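Here is model.cif, consisting of mmCIF, C-alpha atoms and all ligand atoms:
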data_model
loop_
_atom_site.label_atom_id
_atom_site.label_comp_id
_atom_site.auth_asym_id
_atom_site.auth_seq_id
_atom_site.Cartn_x
_atom_site.Cartn_y
_atom_site.Cartn_z
CA MET A 4 90.29 -6.25 35.02
CA LYS A 5 87.14 -4.86 36.60
CA ARG A 6 86.43 -2.94 33.41
CA GLN A 7 86.93 -6.06 31.28
CA LEU A 8 84.56 -8.03 33.50
CA GLY A 9 82.03 -5.22 33.14
CA GLN A 10 82.39 -5.30 29.37
CA ILE A 11 81.95 -9.08 29.29
CA ALA A 12 78.84 -8.80 31.46
CA CYS A 13 77.43 -6.07 29.18
CA THR A 14 78.10 -8.12 26.04
CA GLY A 15 76.50 -11.17 27.67
CA LEU A 16 73.44 -9.16 28.65
CA ALA A 17 73.19 -7.64 25.17
CA LEU A 18 73.39 -11.10 23.62
CA LEU A 19 70.74 -12.42 25.98
CA VAL A 20 68.43 -9.50 25.21
CA SER A 21 69.03 -9.74 21.46
CA THR A 22 68.42 -13.51 21.30
CA SER A 23 65.26 -13.20 23.37
CA LEU A 24 64.10 -10.37 21.11
CA MET A 25 64.96 -12.42 18.04
CA ALA A 26 62.84 -15.37 19.12
CA ASN A 27 59.28 -15.34 20.35
CA PRO A 28 57.23 -12.16 20.79
CA GLU A 29 57.23 -10.88 24.37
CA PRO A 30 54.20 -9.58 26.30
CA TRP A 31 53.65 -5.87 25.56
CA GLN A 32 56.10 -5.98 22.68
CA LEU A 33 55.18 -3.12 20.34
CA ASN A 34 57.15 -3.84 17.22
CA MET A 35 57.24 -6.93 15.01
CA THR A 36 59.67 -9.68 15.96
CA PRO A 37 62.79 -9.91 13.75
CA GLY A 38 62.38 -13.68 13.95
CA VAL A 39 64.94 -16.41 13.45
CA THR A 40 64.96 -16.94 9.68
CA SER A 41 66.48 -14.87 6.90
CA THR A 42 63.01 -14.24 5.42
CA SER A 43 61.58 -13.10 8.75
CA GLN A 44 64.50 -10.70 9.09
CA ASP A 45 63.98 -9.45 5.53
CA VAL A 46 60.32 -8.83 6.37
CA TYR A 47 61.31 -7.04 9.57
CA HIS A 48 63.82 -4.76 7.77
CA LEU A 49 61.28 -4.08 5.03
CA HIS A 50 58.74 -3.13 7.67
CA MET A 51 61.24 -0.76 9.33
CA LEU A 52 62.28 0.78 5.99
CA ILE A 53 58.68 1.50 5.00
CA LEU A 54 57.86 2.79 8.49
CA TRP A 55 60.70 5.34 8.29
CA ILE A 56 59.75 6.34 4.72
CA CYS A 57 56.20 6.98 5.99
CA VAL A 58 57.55 8.95 8.97
CA ALA A 59 59.66 11.11 6.62
CA ILE A 60 56.66 11.72 4.31
CA GLY A 61 54.52 12.60 7.34
CA VAL A 62 57.10 15.08 8.65
CA VAL A 63 57.54 16.77 5.23
CA VAL A 64 53.80 16.97 4.41
CA PHE A 65 52.60 18.10 7.85
CA GLY A 66 55.65 20.39 8.21
CA ALA A 67 54.82 22.13 4.91
CA MET A 68 51.16 22.34 5.84
CA PHE A 69 51.70 23.87 9.29
CA TYR A 70 54.42 26.19 7.93
CA ALA A 71 52.01 27.46 5.23
CA MET A 72 49.17 27.88 7.73
CA PHE A 73 51.39 29.86 10.09
CA LYS A 74 53.40 31.91 7.63
CA PHE A 75 50.61 32.83 5.22
CA ARG A 76 47.79 33.47 7.68
CA LYS A 77 45.22 36.17 7.03
CA SER A 78 46.20 38.24 10.10
CA GLN A 79 49.64 38.68 8.55
CA GLY A 80 48.06 40.16 5.44
CA ALA A 81 48.49 37.12 3.22
CA VAL A 82 46.56 37.23 -0.04
CA ALA A 83 45.54 34.00 -1.75
CA ALA A 84 47.17 33.36 -5.13
CA LYS A 85 44.80 33.23 -8.11
CA PHE A 86 46.46 30.56 -10.31
CA SER A 87 44.78 27.17 -10.58
CA HIS A 88 47.44 25.02 -12.32
CA ASN A 89 51.16 24.71 -12.07
CA THR A 90 52.64 22.17 -14.45
CA THR A 91 56.02 22.04 -12.67
CA ALA A 92 54.37 21.36 -9.29
CA GLU A 93 52.12 18.68 -10.84
CA ILE A 94 55.09 16.91 -12.41
CA ILE A 95 57.03 17.02 -9.12
CA TRP A 96 54.19 15.63 -7.00
CA THR A 97 53.59 12.84 -9.50
CA VAL A 98 57.22 11.84 -10.07
CA ILE A 99 58.32 11.85 -6.40
CA PRO A 100 55.54 9.46 -5.18
CA VAL A 101 56.23 7.16 -8.14
CA LEU A 102 59.93 7.04 -7.16
CA ILE A 103 59.00 6.39 -3.51
CA LEU A 104 56.64 3.57 -4.53
CA LEU A 105 59.31 2.02 -6.74
CA GLY A 106 61.78 2.24 -3.86
CA MET A 107 59.29 0.31 -1.69
CA ALA A 108 58.20 -2.18 -4.34
CA TRP A 109 61.72 -3.27 -5.27
CA PRO A 110 62.78 -4.77 -1.89
CA ALA A 111 59.21 -5.98 -1.22
CA THR A 112 59.09 -7.93 -4.50
CA LYS A 113 62.55 -9.35 -3.89
CA THR A 114 61.43 -10.66 -0.47
CA LEU A 115 58.19 -12.09 -1.88
CA VAL A 116 60.04 -13.91 -4.66
CA LYS A 117 62.45 -15.36 -2.08
CA MET A 118 59.57 -16.46 0.18
CA ASP A 119 57.82 -18.11 -2.75
CA ASP A 120 60.80 -20.24 -3.81
CA THR A 121 60.24 -23.62 -2.17
CA GLY A 122 62.75 -25.38 -4.48
CA ASN A 123 65.75 -27.40 -3.24
CA ALA A 124 64.17 -28.25 0.10
CA GLU A 125 65.71 -31.20 1.90
CA LEU A 126 62.62 -32.11 3.88
CA THR A 127 58.89 -31.72 3.21
CA VAL A 128 56.31 -31.60 5.96
CA LYS A 129 52.61 -31.74 5.17
CA ILE A 130 50.51 -29.69 7.57
CA THR A 131 46.77 -30.30 7.80
CA GLY A 132 44.48 -28.12 9.89
CA TYR A 133 41.57 -29.72 11.73
CA GLN A 134 39.05 -28.24 14.14
CA TRP A 135 41.05 -27.69 16.37
CA LYS A 136 44.39 -29.34 16.03
CA TRP A 137 47.18 -29.79 13.50
CA ARG A 138 48.48 -32.89 11.79
CA TYR A 139 52.13 -33.12 10.74
CA GLU A 140 53.30 -35.63 8.18
CA TYR A 141 56.98 -35.99 7.22
CA LEU A 142 56.62 -36.90 3.55
CA GLY A 143 58.58 -39.99 2.52
CA GLU A 144 59.58 -40.67 6.12
CA ASP A 145 56.48 -42.51 7.33
CA VAL A 146 56.21 -40.27 10.37
CA LYS A 147 52.94 -38.50 11.13
CA PHE A 148 51.16 -37.32 14.25
CA MET A 149 48.51 -34.98 15.62
CA SER A 150 49.43 -31.93 17.64
CA SER A 151 46.81 -30.58 20.06
CA LEU A 152 46.58 -28.05 22.87
CA ALA A 153 48.60 -29.22 25.90
CA ARG A 154 46.52 -30.87 28.60
CA ALA A 155 47.43 -28.37 31.38
CA ALA A 156 46.18 -25.42 29.30
CA ASP A 157 43.13 -27.37 28.12
CA GLU A 158 42.12 -28.11 31.71
CA ALA A 159 42.71 -24.53 32.84
CA ARG A 160 40.60 -23.10 30.00
CA GLN A 161 37.45 -25.05 30.97
CA VAL A 162 34.74 -22.88 32.52
CA GLY A 163 34.74 -23.40 36.29
CA SER A 164 37.99 -25.36 36.30
CA GLY A 165 39.21 -23.28 39.23
CA ILE A 166 42.71 -23.28 37.75
CA ASP A 167 44.40 -19.89 37.38
CA PRO A 168 45.58 -19.62 33.74
CA ASN A 169 48.51 -17.49 34.95
CA SER A 170 49.81 -20.56 36.78
CA VAL A 171 50.05 -22.53 33.51
CA GLU A 172 53.32 -22.04 31.68
CA ASN A 173 52.82 -21.00 28.05
CA TYR A 174 49.06 -20.95 28.55
CA LEU A 175 47.32 -21.63 25.19
CA LEU A 176 50.73 -21.64 23.50
CA ASP A 177 51.77 -25.19 24.26
CA VAL A 178 50.98 -28.50 22.55
CA ASP A 179 51.26 -32.18 23.39
CA ARG A 180 53.45 -32.99 20.35
CA PRO A 181 55.42 -30.17 18.73
CA LEU A 182 56.57 -30.10 15.14
CA VAL A 183 60.28 -30.96 15.14
CA ILE A 184 62.52 -29.65 12.35
CA PRO A 185 66.29 -29.72 11.80
CA THR A 186 68.33 -26.51 11.99
CA GLY A 187 70.34 -25.29 9.02
CA THR A 188 68.04 -27.16 6.62
CA LYS A 189 65.54 -25.84 4.08
CA VAL A 190 62.20 -27.33 5.10
CA ARG A 191 59.26 -27.11 2.71
CA PHE A 192 55.71 -27.11 4.03
CA VAL A 193 52.65 -28.14 2.07
CA ILE A 194 49.65 -26.82 3.90
CA THR A 195 45.98 -27.76 3.66
CA ALA A 196 42.94 -28.28 5.88
CA ASP A 197 40.35 -30.97 6.39
CA ASP A 198 37.29 -29.01 7.49
CA VAL A 199 37.35 -25.20 7.48
CA ILE A 200 39.98 -22.59 6.64
CA HIS A 201 42.81 -22.37 9.14
CA ALA A 202 46.14 -20.53 8.88
CA TRP A 203 49.50 -21.70 10.10
CA TRP A 204 51.46 -18.93 11.76
CA VAL A 205 54.65 -18.87 13.80
CA PRO A 206 55.78 -15.21 14.02
CA SER A 207 59.48 -16.11 14.43
CA LEU A 208 59.45 -17.79 11.01
CA GLY A 209 58.11 -14.65 9.36
CA TRP A 210 55.03 -15.78 7.46
CA LYS A 211 51.44 -16.96 7.72
CA GLN A 212 50.02 -19.47 5.29
CA ASP A 213 46.34 -20.26 4.80
CA ALA A 214 45.28 -23.88 5.21
CA ILE A 215 42.28 -24.30 2.89
CA PRO A 216 40.33 -27.53 2.31
CA GLY A 217 40.90 -28.76 -1.24
CA PHE A 218 43.94 -26.56 -1.80
CA ILE A 219 47.63 -27.14 -1.18
CA ASN A 220 49.59 -24.03 -0.25
CA GLU A 221 53.35 -24.00 0.01
CA ALA A 222 55.86 -22.27 2.24
CA TRP A 223 59.36 -22.92 3.48
CA THR A 224 61.68 -22.07 6.29
CA GLN A 225 65.26 -22.47 7.35
CA VAL A 226 65.88 -22.01 11.05
CA ASP A 227 69.53 -21.72 12.00
CA GLU A 228 69.13 -21.31 15.77
CA PRO A 229 67.98 -24.33 17.79
CA GLY A 230 65.01 -23.35 19.92
CA VAL A 231 61.29 -23.49 20.57
CA TYR A 232 59.12 -21.20 18.49
CA ARG A 233 55.44 -20.71 19.20
CA GLY A 234 52.46 -19.58 17.18
CA GLN A 235 48.74 -20.00 16.67
CA CYS A 236 46.13 -20.60 14.03
CA ALA A 237 45.65 -17.18 12.41
CA GLU A 238 42.20 -17.75 10.91
CA LEU A 239 38.91 -17.44 12.75
CA CYS A 240 38.10 -21.12 12.25
CA GLY A 241 35.47 -21.94 14.83
CA LYS A 242 34.48 -21.68 18.46
CA ASP A 243 37.73 -23.22 19.70
CA HIS A 244 39.87 -21.14 17.39
CA GLY A 245 41.96 -19.79 20.24
CA PHE A 246 42.89 -23.27 21.37
CA MET A 247 44.94 -24.58 18.45
CA PRO A 248 48.48 -23.40 19.13
CA ILE A 249 51.55 -24.33 17.11
CA VAL A 250 54.94 -25.22 18.58
CA VAL A 251 58.01 -25.72 16.41
CA VAL A 252 61.13 -27.22 17.96
CA ALA A 253 64.29 -26.70 15.90
CA LYS A 254 66.96 -29.27 16.78
CA PRO A 255 70.51 -29.60 15.46
CA ARG A 256 70.66 -32.00 12.49
CA ALA A 257 72.09 -34.98 14.42
CA GLU A 258 69.51 -34.64 17.20
CA PHE A 259 66.75 -34.32 14.61
CA ASP A 260 67.91 -37.46 12.78
CA ALA A 261 67.91 -39.38 16.07
CA TRP A 262 64.41 -38.07 16.85
CA LEU A 263 63.14 -39.07 13.39
CA ALA A 264 64.62 -42.58 13.71
CA GLU A 265 62.91 -42.91 17.10
CA GLN A 266 59.55 -41.89 15.60
CA LYS A 267 59.97 -44.34 12.74
CA ALA A 268 60.77 -47.17 15.15
CA ALA A 269 57.69 -46.33 17.21
CA ASN A 270 55.54 -46.30 14.06
CA ALA A 271 56.92 -49.55 12.65
CA PRO A 272 54.43 -52.45 12.48
CA ALA A 273 54.53 -54.62 15.61
CA GLY A 274 55.91 -57.63 13.63
CA THR A 275 59.12 -55.90 12.59
CA VAL A 276 59.89 -54.70 16.12
CA ALA A 277 59.04 -57.99 17.86
CA GLN A 278 60.82 -60.25 15.36
CA SER A 279 63.31 -61.51 17.91
CA ALA A 280 60.72 -61.97 20.66
CA PRO A 281 60.08 -65.59 21.61
CA VAL A 282 56.94 -66.96 20.08
CA THR A 283 54.53 -68.36 22.63
CA PRO A 284 53.00 -71.59 21.39
CA PRO A 285 49.23 -71.34 21.13
CA ALA A 286 47.40 -72.89 24.05
CA ILE A 287 45.62 -76.11 23.14
CU CU B 301 42.21 -22.92 12.96
#

Would you give me this structure, written as structure tokens?
Ligand SMILES: [Cu+2]
Amino acid sequence: MKRQLGQIACTGLALLVSTSLMANPEPWQLNMTPGVTSTSQDVYHLHMLILWICVAIGVVVFGAMFYAMFKFRKSQGAVAAKFSHNTTAEIIWTVIPVLILLGMAWPATKTLVKMDDTGNAELTVKITGYQWKWRYEYLGEDVKFMSSLARAADEARQVGSGIDPNSVENYLLDVDRPLVIPTGTKVRFVITADDVIHAWWVPSLGWKQDAIPGFINEAWTQVDEPGVYRGQCAELCGKDHGFMPIVVVAKPRAEFDAWLAEQKAANAPAGTVAQSAPVTPPAI
């Protein structure tokens, strides 16, 4: 019984650690985050694969080099060979790198093609970068709003505010109105900017996309885990560049639909909402 309880506790802890590692980057985290989307996980695995290929190449090349330096040193009576070309060696050191590059290019291209395919999205959100805030527009839904740095962080960042930034939760990573998306749904983003170049980046989603005035860039995501995912503008866009965070809240479909209906009701023209309100006769 005690052992079972221990096992349950261990599994729970492992789950907790793995979900926290899967979501937002942690302070002092050294590696990339695996993220919460299939593309972000593809990117993460690609990164690990290429890292280990590079480690293996490093070990083989430096191993051979140090072995040769040690084994064939002058004090041991080694005599340098006189040949200048070896066709077999040249073929081997051309063919092997080509094979390694192909082995890297194949999964990388597959991931890029997948990331580029914005077709069959159920929802499209237009993102516009401004100095220094973001605008989100749910296309065809008549819902749009601005998202700026949260007031608590904005006050703490002012010179001489006297507020300790450490006392502000999610300092510079919180906004007044987050982008809300449904889970389990392919969401397409069309991204542009109004003034200078910005870049929309939430590490957990696995990609950055430039927001360039006059251009429309595309990206997509499908988040399966409800949660709050944070990011920042990833382009040096002006003096307040560090103060335009991004927050994405992924809600289960039903909750998202309710949220969207609420936003639409709030945006509806006053006449449609107040239709049943008694009409006050004009004062004479
Ligand atoms: Cu920016």

Could the residues of chain A that have an atom at most 8 Å from ligand CU 301 (chain B) be listed as a Markdown table, each with its closest atom pair and the distance in Å to one decimal, counting all atoms listed in the file and ordered by chain and ascending residue number?
| residue | atom | partner | partner_atom | distance |
| --- | --- | --- | --- | --- |
| A:Gly132 | CA | B:CU301 | CU | 6.5 |
| A:Tyr133 | CA | B:CU301 | CU | 6.9 |
| A:Gln134 | CA | B:CU301 | CU | 6.3 |
| A:Trp135 | CA | B:CU301 | CU | 6.0 |
| A:Lys136 | CA | B:CU301 | CU | 7.4 |
| A:Val199 | CA | B:CU301 | CU | 7.7 |
| A:Ile200 | CA | B:CU301 | CU | 6.7 |
| A:His201 | CA | B:CU301 | CU | 3.9 |
| A:Ala202 | CA | B:CU301 | CU | 6.1 |
| A:Trp203 | CA | B:CU301 | CU | 7.9 |
| A:Cys236 | CA | B:CU301 | CU | 4.7 |
| A:Ala237 | CA | B:CU301 | CU | 6.7 |
| A:Glu238 | CA | B:CU301 | CU | 5.6 |
| A:Leu239 | CA | B:CU301 | CU | 6.4 |
| A:Cys240 | CA | B:CU301 | CU | 4.5 |
| A:Gly241 | CA | B:CU301 | CU | 7.1 |
| A:His244 | CA | B:CU301 | CU | 5.3 |
| A:Gly245 | CA | B:CU301 | CU | 7.9 |
| A:Met247 | CA | B:CU301 | CU | 6.4 |

Please, could you write that set of residues out with C-alpha atoms as a PDB file, in the frame of the given file?
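For reference, result_32.pdb as written:
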ATOM      1  CA  GLY A 132      44.480 -28.120   9.890  1.00  0.00           C
ATOM      2  CA  TYR A 133      41.570 -29.720  11.730  1.00  0.00           C
ATOM      3  CA  GLN A 134      39.050 -28.240  14.140  1.00  0.00           C
ATOM      4  CA  TRP A 135      41.050 -27.690  16.370  1.00  0.00           C
ATOM      5  CA  LYS A 136      44.390 -29.340  16.030  1.00  0.00           C
ATOM      6  CA  VAL A 199      37.350 -25.200   7.480  1.00  0.00           C
ATOM      7  CA  ILE A 200      39.980 -22.590   6.640  1.00  0.00           C
ATOM      8  CA  HIS A 201      42.810 -22.370   9.140  1.00  0.00           C
ATOM      9  CA  ALA A 202      46.140 -20.530   8.880  1.00  0.00           C
ATOM     10  CA  TRP A 203      49.500 -21.700  10.100  1.00  0.00           C
ATOM     11  CA  CYS A 236      46.130 -20.600  14.030  1.00  0.00           C
ATOM     12  CA  ALA A 237      45.650 -17.180  12.410  1.00  0.00           C
ATOM     13  CA  GLU A 238      42.200 -17.750  10.910  1.00  0.00           C
ATOM     14  CA  LEU A 239      38.910 -17.440  12.750  1.00  0.00           C
ATOM     15  CA  CYS A 240      38.100 -21.120  12.250  1.00  0.00           C
ATOM     16  CA  GLY A 241      35.470 -21.940  14.830  1.00  0.00           C
ATOM     17  CA  HIS A 244      39.870 -21.140  17.390  1.00  0.00           C
ATOM     18  CA  GLY A 245      41.960 -19.790  20.240  1.00  0.00           C
ATOM     19  CA  MET A 247      44.940 -24.580  18.450  1.00  0.00           C
TER      20      MET A 247
END

Could you check how far atom CA of A:Thr131 sits from atom CA of A:Ala196, in Å to one decimal?
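Value for the atom CA of A:Thr131-atom CA of A:Ala196 distance: 4.7 Å.
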
Give me the residues within 6 Å of stretch 222-232 of chain A as JSON, numbers by chain, counting all atoms listed in the file and dropping any in the same chain fewer than 2 places off.
{"A": [40, 121, 186, 187, 188, 189, 190, 191, 192, 250, 251, 252, 253, 254]}

Just C-alpha atoms for this one: save the residues we selected as a tab-separated table (two decimals), in the coordinates of the input.
chain	number	residue	atom	x	y	z
A	40	THR	CA	64.96	-16.94	9.68
A	121	THR	CA	60.24	-23.62	-2.17
A	186	THR	CA	68.33	-26.51	11.99
A	187	GLY	CA	70.34	-25.29	9.02
A	188	THR	CA	68.04	-27.16	6.62
A	189	LYS	CA	65.54	-25.84	4.08
A	190	VAL	CA	62.20	-27.33	5.10
A	191	ARG	CA	59.26	-27.11	2.71
A	192	PHE	CA	55.71	-27.11	4.03
A	250	VAL	CA	54.94	-25.22	18.58
A	251	VAL	CA	58.01	-25.72	16.41
A	252	VAL	CA	61.13	-27.22	17.96
A	253	ALA	CA	64.29	-26.70	15.90
A	254	LYS	CA	66.96	-29.27	16.78

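Going from atom CA of A:Ile194 over to atom CA of A:Asp213, you cover 7.4 Å.
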
Atom CA of A:Arg180 and atom CA of A:Asp243, how far apart in Å?
18.5 Å

Can you tell me which residues surround A:Gly234 at a distance of at most 10 Å, considering all atoms listed in the file, apart from same-chain residues fewer than 3 positions away, and format the answer as a PyMOL selection string?
chain A and resi 27-28+175-177+203-208+211+237+247-251

Using all atoms listed in the file, which residues sit within 12 Å of A:His50 once same-chain residues fewer than 5 positions away are excluded, as a ChimeraX atom specification?
/A:34-37,43-45,55-57,107,110-111,114,209

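Distance annotation: of A:Gly217, A:Ala264, A:Trp210, A:Leu52, the residue with the minimal separation from A:Trp109 is A:Leu52; atom set is only C-alpha atoms.
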
Considering only C-alpha atoms, return as number ranges by chain whatever protein or nucleic-acid residues lie within 8 Å of stretch 268-270 of chain A, sequence-local ones (same chain, fewer than 3 positions apart) excluded.
A: 145-146, 264-265, 276

How about completing stretch 49-60 of chain A with N, CA, C and O atoms and giving it to me as a CSV table (one decimal), in the coordinates of the input?
chain,number,residue,atom,x,y,z
A,49,LEU,N,62.2,-4.7,6.0
A,49,LEU,CA,61.3,-4.1,5.0
A,49,LEU,C,60.2,-3.2,5.8
A,49,LEU,O,60.0,-2.1,5.4
A,50,HIS,N,59.7,-3.8,6.8
A,50,HIS,CA,58.7,-3.1,7.7
A,50,HIS,C,59.3,-1.8,8.3
A,50,HIS,O,58.7,-0.8,8.2
A,51,MET,N,60.6,-1.9,8.7
A,51,MET,CA,61.2,-0.8,9.3
A,51,MET,C,61.5,0.3,8.3
A,51,MET,O,61.3,1.5,8.5
A,52,LEU,N,62.0,-0.2,7.1
A,52,LEU,CA,62.3,0.8,6.0
A,52,LEU,C,61.0,1.6,5.6
A,52,LEU,O,61.0,2.8,5.5
A,53,ILE,N,59.9,0.8,5.4
A,53,ILE,CA,58.7,1.5,5.0
A,53,ILE,C,58.1,2.4,6.1
A,53,ILE,O,57.6,3.5,5.9
A,54,LEU,N,58.3,1.9,7.4
A,54,LEU,CA,57.9,2.8,8.5
A,54,LEU,C,58.6,4.1,8.4
A,54,LEU,O,58.0,5.2,8.5
A,55,TRP,N,59.9,4.1,8.3
A,55,TRP,CA,60.7,5.3,8.3
A,55,TRP,C,60.4,6.2,7.1
A,55,TRP,O,60.4,7.4,7.2
A,56,ILE,N,60.1,5.6,5.9
A,56,ILE,CA,59.8,6.3,4.7
A,56,ILE,C,58.4,7.1,5.0
A,56,ILE,O,58.3,8.3,4.8
A,57,CYS,N,57.5,6.4,5.7
A,57,CYS,CA,56.2,7.0,6.0
A,57,CYS,C,56.4,8.1,7.0
A,57,CYS,O,55.7,9.2,6.9
A,58,VAL,N,57.3,7.9,8.0
A,58,VAL,CA,57.6,9.0,9.0
A,58,VAL,C,58.1,10.2,8.3
A,58,VAL,O,57.7,11.3,8.5
A,59,ALA,N,59.1,10.0,7.3
A,59,ALA,CA,59.7,11.1,6.6
A,59,ALA,C,58.6,11.9,5.8
A,59,ALA,O,58.5,13.1,5.8
A,60,ILE,N,57.7,11.1,5.1
A,60,ILE,CA,56.7,11.7,4.3
A,60,ILE,C,55.7,12.5,5.2
A,60,ILE,O,55.4,13.7,5.0
